Amino acid sequence: MDRFSAFRIHAEGDETRAGIEMLGLEQLSAGDVVIRVHYSSVNYKDALAGTGKAKILRRSPLVGGIDLAGEVVESSCTRYSPGDQVLVNGSGLSEVHDGGYAEFARIPSDWVVPLPVGLSLSQAMIIGTAGFTAALCIHLMQQNHQQADAGPVVVTGASGGVGSFAVDLLHKLGYEVTAVTGSFEAHEYLRELGAREVVARERIEVGGAMLEKACWAGAIDNVGGETLSHLVRATKPWGNVVSVGIAGGTGFKLSTMPFIIRGVNLLGVSSSNCPQGLRKHIWQRLGTDLHPEHMAKIHARTVQLEELPDVFTRLLNNDFRGRVLVKILGE
């Protein structure tokens, strides 16, 4: 197998450098399945890793990219054969294992997910970790008896990748969605995805009472901090609040009152270390009942490996909304 292009990240002390390098297969992390990568995607975590804005890598150097989709070319595992179309997301990619920003990836077979019926390779990566995370949030809410007729579900940070898919999928399932965003330009976009109401971030009044007026039947929160505290205090009885982001801070303050008076449930989501059985189930749902309705609207652009540094900067500066697909081979 010839040498191939990869976007590799070197994190050395306080310095991070990243760019295109030529690698051989033997330089990649160990794995029993070799995948010819067709597509990857850009997530907030990828931008943090590629710029060094946060300590994402736990070993260095590593090929970036927490998502990949492609075709098996070699396998010593009987579950996968050359020609199989597969995907991998999270599971330690671009943290402890070389990721998807390369023409080839070598992956432990236990991390590999067969491409779901109903999805192409490119669609799987437009969804990527962002859409997977949104679907996981909704799945956990449904498992905890979140009913569509109970009232509005609020989505904060709604114009980002996770937020966009959360609005789309909740609407598809019949929930009334209120989208909260700091971008006025995103209001029409969020209505097109299915939000019944779009609220400017500044209009959310964060009070300090142990219990506040119950406004929401549930919430998917991409912000954290005081916003998360407010949402829990303002959720209706037996509603579910899913915490999935920290853009507004990692700390928050709550009393036990929302939990013991209203029975509010605070649910945490970690897509990276999601159990593999659940991961495969969520991907199957993304090909069927959770197949996004507005994928073309959420797909913001398609880029090549060499464009990643600019995309990372723009993503961290909130210069665009939706999802970026990384085309490596294509279909």
# chains A, B, ... in the order shown; residues from 1 in each chain; ligands from 1
>>> residues_around(residues="region 51-57 of chain A", least_positions_apart="4", cutoff="10 Å", atoms="only C-alpha atoms", output="list in words")
Ile9, His10, Ala11, Glu12, Gly13, Asp14, Glu15, Thr16, Arg17, Ala18, Lys45, Asp46, Ala47, Pro61, Leu62, Val63, Gly64, Gly92, Leu93, Ser94, Glu95, Val96, His97, Pro309, Phe312, Thr313 and Leu316 of chain A
>>> select_by_dssp(residues="region 78-273 of chain A", states="strand (DSSP E or B)", output="short mmCIF file (atom, residue, chain, number, x, y, z; two decimals) with C-alpha atoms, in the first residue's frame")
data_model
loop_
_atom_site.label_atom_id
_atom_site.label_comp_id
_atom_site.auth_asym_id
_atom_site.auth_seq_id
_atom_site.Cartn_x
_atom_site.Cartn_y
_atom_site.Cartn_z
CA GLN A 85 -19.09 -0.03 3.74
CA VAL A 86 -18.58 1.07 7.33
CA LEU A 87 -18.27 4.08 9.63
CA VAL A 88 -16.55 4.92 12.89
CA ASN A 89 -17.28 7.85 15.20
CA LEU A 93 -10.41 8.69 17.34
CA HIS A 97 -6.04 6.67 18.09
CA ALA A 102 -6.51 10.47 6.05
CA PHE A 104 -6.63 5.21 5.08
CA ALA A 105 -7.47 4.33 8.69
CA ARG A 106 -6.56 1.25 10.72
CA ILE A 107 -9.26 0.61 13.31
CA VAL A 113 -20.19 0.15 12.61
CA PRO A 114 -21.68 -1.25 9.39
CA VAL A 153 -38.82 21.13 24.01
CA VAL A 154 -36.15 23.82 23.98
CA VAL A 155 -32.84 23.44 22.14
CA VAL A 177 -39.47 22.82 19.26
CA THR A 178 -38.26 26.15 20.61
CA ALA A 179 -34.80 26.99 19.26
CA VAL A 180 -32.49 29.35 21.13
CA THR A 181 -29.62 30.98 19.27
CA GLU A 197 -40.42 29.37 17.78
CA VAL A 198 -36.92 30.86 17.58
CA VAL A 199 -35.73 32.86 20.57
CA ALA A 200 -32.69 35.13 20.80
CA TRP A 216 -40.44 23.63 28.95
CA ALA A 217 -41.43 20.00 28.72
CA GLY A 218 -37.78 19.17 28.13
CA ALA A 219 -34.51 20.56 26.86
CA ILE A 220 -31.37 19.70 24.91
CA ASP A 221 -28.68 22.08 26.15
CA THR A 235 -38.72 22.47 33.25
CA LYS A 236 -42.17 21.00 33.76
CA PRO A 237 -42.78 17.98 36.01
CA TRP A 238 -41.18 14.77 34.78
CA GLY A 239 -39.40 16.57 31.96
CA ASN A 240 -35.90 15.66 30.80
CA VAL A 241 -32.98 18.06 30.42
CA VAL A 242 -30.04 16.69 28.44
CA SER A 243 -26.63 18.28 29.01
CA ASN A 265 -34.42 14.42 35.15
CA LEU A 266 -30.94 15.70 34.25
CA LEU A 267 -29.36 13.41 31.65
CA GLY A 268 -25.74 13.43 30.52
#
>>> closest_residue(among="A:Thr256, A:Ser60, A:Gln123, A:Ser229", to="Tyr39 (chain A)", atoms="only C-alpha atoms")
A:Gln123
>>> residues_around(residues="His171 (chain A)", least_positions_apart="2", cutoff="12 Å", atoms="only C-alpha atoms", output="PyMOL selection string")
chain A and resi 138+148+152-155+164-169+173-179+190-197+290-294
>>> atom_distance(atom1="CA of Glu212 (chain A)", atom2="CA of His230 (chain A)")
7.9 Å
>>> atom_distance(atom1="CA of Ser41 (chain A)", atom2="CA of Gly65 (chain A)")
7.1 Å
>>> residues_around(residues="region 250-255 of chain A", least_positions_apart="3", cutoff="10 Å", atoms="only C-alpha atoms", output="list in words")
Gly208, Ala209, Met210, Leu211, Val223, Gly224, Gly225, Glu226, Thr227, Leu228, Ser229, His230, Val232, Arg233, Gly245, Ile246, Ala247, Pro258, Phe259 and Ile260 of chain A
>>> residues_around(residues="Tyr80 (chain A)", least_positions_apart="2", cutoff="12 Å", atoms="only C-alpha atoms", output="PyMOL selection string")
chain A and resi 32-35+71-78+82-87+107-115
>>> closest_residue(among="A:Phe132, A:Phe4, A:Phe320, A:Trp283", to="Arg301 (chain A)", atoms="only C-alpha atoms")
A:Phe320
>>> atom_distance(atom1="CA of Ala135 (chain A)", atom2="CA of Leu315 (chain A)")
21.7 Å
>>> select_by_dssp(residues="region 6-120 of chain A", states="alpha helix (DSSP H)", output="ChimeraX atom specification")
/A:44-51
>>> residues_around(residues="Ser40 (chain A)", least_positions_apart="2", cutoff="9 Å", atoms="only C-alpha atoms", output="list in words")
Val37, His38, Val42, Gly65, Ile66, Asp67, Leu68, Ala69, Gly70, Gly100, Tyr101, Ala102, Ser122, Ala124, Met125, Ile126, Gly128, Val324, Leu325, Val326, Lys327 and Ile328 of chain A
>>> write_last_selection(atoms="N, CA, C and O atoms", output="PDB file, in the first residue's frame")
ATOM      1  N   VAL A  37     -10.783   5.590   3.471  1.00  0.00           N
ATOM      2  CA  VAL A  37     -11.707   6.618   3.948  1.00  0.00           C
ATOM      3  C   VAL A  37     -12.239   7.432   2.761  1.00  0.00           C
ATOM      4  O   VAL A  37     -11.467   7.968   1.974  1.00  0.00           O
ATOM      5  N   HIS A  38     -13.539   7.511   2.661  1.00  0.00           N
ATOM      6  CA  HIS A  38     -14.178   8.325   1.628  1.00  0.00           C
ATOM      7  C   HIS A  38     -14.524   9.715   2.150  1.00  0.00           C
ATOM      8  O   HIS A  38     -14.372  10.708   1.434  1.00  0.00           O
ATOM      9  N   VAL A  42     -16.315  17.754  10.183  1.00  0.00           N
ATOM     10  CA  VAL A  42     -15.691  18.694  11.110  1.00  0.00           C
ATOM     11  C   VAL A  42     -16.634  18.931  12.279  1.00  0.00           C
ATOM     12  O   VAL A  42     -17.766  19.385  12.100  1.00  0.00           O
ATOM     13  N   GLY A  65      -9.575  14.028  13.271  1.00  0.00           N
ATOM     14  CA  GLY A  65     -10.854  13.579  12.755  1.00  0.00           C
ATOM     15  C   GLY A  65     -11.526  12.519  13.603  1.00  0.00           C
ATOM     16  O   GLY A  65     -11.082  11.375  13.619  1.00  0.00           O
ATOM     17  N   ILE A  66     -12.610  12.884  14.296  1.00  0.00           N
ATOM     18  CA  ILE A  66     -13.283  11.929  15.170  1.00  0.00           C
ATOM     19  C   ILE A  66     -14.345  11.116  14.439  1.00  0.00           C
ATOM     20  O   ILE A  66     -14.990  10.266  15.045  1.00  0.00           O
ATOM     21  N   ASP A  67     -14.524  11.370  13.131  1.00  0.00           N
ATOM     22  CA  ASP A  67     -15.489  10.638  12.318  1.00  0.00           C
ATOM     23  C   ASP A  67     -14.818  10.117  11.056  1.00  0.00           C
ATOM     24  O   ASP A  67     -13.906  10.767  10.517  1.00  0.00           O
ATOM     25  N   LEU A  68     -15.299   9.000  10.542  1.00  0.00           N
ATOM     26  CA  LEU A  68     -14.881   8.539   9.218  1.00  0.00           C
ATOM     27  C   LEU A  68     -15.914   7.568   8.672  1.00  0.00           C
ATOM     28  O   LEU A  68     -16.611   6.881   9.413  1.00  0.00           O
ATOM     29  N   ALA A  69     -15.999   7.531   7.346  1.00  0.00           N
ATOM     30  CA  ALA A  69     -16.837   6.552   6.657  1.00  0.00           C
ATOM     31  C   ALA A  69     -16.115   6.129   5.390  1.00  0.00           C
ATOM     32  O   ALA A  69     -15.515   6.969   4.702  1.00  0.00           O
ATOM     33  N   GLY A  70     -16.149   4.842   5.096  1.00  0.00           N
ATOM     34  CA  GLY A  70     -15.443   4.373   3.914  1.00  0.00           C
ATOM     35  C   GLY A  70     -15.668   2.899   3.667  1.00  0.00           C
ATOM     36  O   GLY A  70     -16.666   2.308   4.112  1.00  0.00           O
ATOM     37  N   GLY A 100      -9.904  10.120  11.251  1.00  0.00           N
ATOM     38  CA  GLY A 100     -10.444   9.986   9.908  1.00  0.00           C
ATOM     39  C   GLY A 100      -9.932  10.945   8.869  1.00  0.00           C
ATOM     40  O   GLY A 100     -10.338  10.853   7.700  1.00  0.00           O
ATOM     41  N   TYR A 101      -9.042  11.880   9.224  1.00  0.00           N
ATOM     42  CA  TYR A 101      -8.528  12.829   8.242  1.00  0.00           C
ATOM     43  C   TYR A 101      -7.342  12.243   7.485  1.00  0.00           C
ATOM     44  O   TYR A 101      -6.224  12.768   7.512  1.00  0.00           O
ATOM     45  N   ALA A 102      -7.568  11.142   6.810  1.00  0.00           N
ATOM     46  CA  ALA A 102      -6.513  10.469   6.053  1.00  0.00           C
ATOM     47  C   ALA A 102      -7.166   9.572   5.019  1.00  0.00           C
ATOM     48  O   ALA A 102      -8.339   9.197   5.138  1.00  0.00           O
ATOM     49  N   SER A 122     -21.603   9.578   2.351  1.00  0.00           N
ATOM     50  CA  SER A 122     -21.565  11.029   2.554  1.00  0.00           C
ATOM     51  C   SER A 122     -22.627  11.472   3.550  1.00  0.00           C
ATOM     52  O   SER A 122     -22.373  12.330   4.412  1.00  0.00           O
ATOM     53  N   ALA A 124     -23.815   9.754   6.022  1.00  0.00           N
ATOM     54  CA  ALA A 124     -23.375   9.342   7.353  1.00  0.00           C
ATOM     55  C   ALA A 124     -22.420  10.360   7.955  1.00  0.00           C
ATOM     56  O   ALA A 124     -22.437  10.597   9.168  1.00  0.00           O
ATOM     57  N   MET A 125     -21.590  10.989   7.114  1.00  0.00           N
ATOM     58  CA  MET A 125     -20.629  11.950   7.634  1.00  0.00           C
ATOM     59  C   MET A 125     -21.186  13.367   7.714  1.00  0.00           C
ATOM     60  O   MET A 125     -20.685  14.174   8.496  1.00  0.00           O
ATOM     61  N   ILE A 126     -22.209  13.691   6.941  1.00  0.00           N
ATOM     62  CA  ILE A 126     -22.917  14.943   7.201  1.00  0.00           C
ATOM     63  C   ILE A 126     -23.562  14.856   8.587  1.00  0.00           C
ATOM     64  O   ILE A 126     -23.530  15.798   9.372  1.00  0.00           O
ATOM     65  N   GLY A 128     -22.551  12.537  11.077  1.00  0.00           N
ATOM     66  CA  GLY A 128     -21.356  12.459  11.908  1.00  0.00           C
ATOM     67  C   GLY A 128     -21.651  12.444  13.399  1.00  0.00           C
ATOM     68  O   GLY A 128     -22.759  12.109  13.844  1.00  0.00           O
ATOM     69  N   VAL A 324     -19.976  20.611   8.164  1.00  0.00           N
ATOM     70  CA  VAL A 324     -18.964  20.601   7.113  1.00  0.00           C
ATOM     71  C   VAL A 324     -18.556  19.156   6.841  1.00  0.00           C
ATOM     72  O   VAL A 324     -18.110  18.443   7.744  1.00  0.00           O
ATOM     73  N   LEU A 325     -18.712  18.741   5.586  1.00  0.00           N
ATOM     74  CA  LEU A 325     -18.312  17.417   5.129  1.00  0.00           C
ATOM     75  C   LEU A 325     -16.884  17.504   4.581  1.00  0.00           C
ATOM     76  O   LEU A 325     -16.561  18.429   3.843  1.00  0.00           O
ATOM     77  N   VAL A 326     -16.042  16.544   4.958  1.00  0.00           N
ATOM     78  CA  VAL A 326     -14.677  16.483   4.444  1.00  0.00           C
ATOM     79  C   VAL A 326     -14.619  15.358   3.424  1.00  0.00           C
ATOM     80  O   VAL A 326     -14.799  14.187   3.761  1.00  0.00           O
ATOM     81  N   LYS A 327     -14.381  15.724   2.171  1.00  0.00           N
ATOM     82  CA  LYS A 327     -14.307  14.743   1.097  1.00  0.00           C
ATOM     83  C   LYS A 327     -12.857  14.293   0.931  1.00  0.00           C
ATOM     84  O   LYS A 327     -11.971  15.094   0.692  1.00  0.00           O
ATOM     85  N   ILE A 328     -12.635  12.997   1.064  1.00  0.00           N
ATOM     86  CA  ILE A 328     -11.286  12.452   0.932  1.00  0.00           C
ATOM     87  C   ILE A 328     -11.182  11.629  -0.346  1.00  0.00           C
ATOM     88  O   ILE A 328     -10.324  11.883  -1.187  1.00  0.00           O
TER      89      ILE A 328
END
>>> closest_residue(among="A:Cys274, A:Val162, A:Ile298, A:Leu231", to="Tyr189 (chain A)", atoms="only C-alpha atoms")
A:Ile298
>>> closest_residue(among="A:Arg201, A:Arg323, A:His145, A:Arg58", to="Met295 (chain A)", atoms="only C-alpha atoms")
A:Arg323
>>> decode(residues="region 272-284 of chain A", atoms="N, CA, C and O atoms", output="compact mmCIF listing (two decimals), in the first residue's frame")
# COMPACT_ATOMS: atom_id res chain seq x y z
N SER A 272 -18.49 9.98 22.74
CA SER A 272 -17.20 9.36 22.45
C SER A 272 -17.13 7.94 23.00
O SER A 272 -16.66 7.03 22.32
N ASN A 273 -17.60 7.75 24.23
CA ASN A 273 -17.49 6.43 24.86
C ASN A 273 -18.84 5.72 24.99
O ASN A 273 -19.04 4.89 25.86
N CYS A 274 -19.76 6.05 24.09
CA CYS A 274 -21.06 5.40 24.07
C CYS A 274 -20.87 3.89 23.90
O CYS A 274 -20.08 3.44 23.06
N PRO A 275 -21.56 3.06 24.68
CA PRO A 275 -21.44 1.61 24.50
C PRO A 275 -21.74 1.19 23.06
O PRO A 275 -22.65 1.74 22.42
N GLN A 276 -20.96 0.26 22.55
CA GLN A 276 -21.03 -0.04 21.13
C GLN A 276 -22.39 -0.59 20.69
O GLN A 276 -22.85 -0.30 19.59
N GLY A 277 -23.03 -1.37 21.54
CA GLY A 277 -24.35 -1.86 21.19
C GLY A 277 -25.35 -0.73 21.00
O GLY A 277 -26.14 -0.71 20.05
N LEU A 278 -25.31 0.24 21.92
CA LEU A 278 -26.18 1.41 21.81
C LEU A 278 -25.78 2.26 20.61
O LEU A 278 -26.64 2.78 19.89
N ARG A 279 -24.48 2.39 20.36
CA ARG A 279 -24.00 3.17 19.22
C ARG A 279 -24.58 2.61 17.91
O ARG A 279 -25.09 3.36 17.07
N LYS A 280 -24.52 1.31 17.74
CA LYS A 280 -25.04 0.69 16.51
C LYS A 280 -26.55 0.89 16.41
O LYS A 280 -27.08 1.13 15.31
N HIS A 281 -27.23 0.82 17.54
CA HIS A 281 -28.69 1.01 17.53
C HIS A 281 -29.04 2.43 17.11
O HIS A 281 -29.97 2.64 16.29
N ILE A 282 -28.32 3.42 17.62
CA ILE A 282 -28.59 4.81 17.25
C ILE A 282 -28.33 5.02 15.76
O ILE A 282 -29.12 5.68 15.06
N TRP A 283 -27.24 4.46 15.23
CA TRP A 283 -26.97 4.59 13.81
C TRP A 283 -28.05 3.91 12.97
O TRP A 283 -28.44 4.42 11.91
N GLN A 284 -28.57 2.79 13.43
CA GLN A 284 -29.67 2.14 12.71
C GLN A 284 -30.89 3.05 12.68
O GLN A 284 -31.58 3.16 11.65
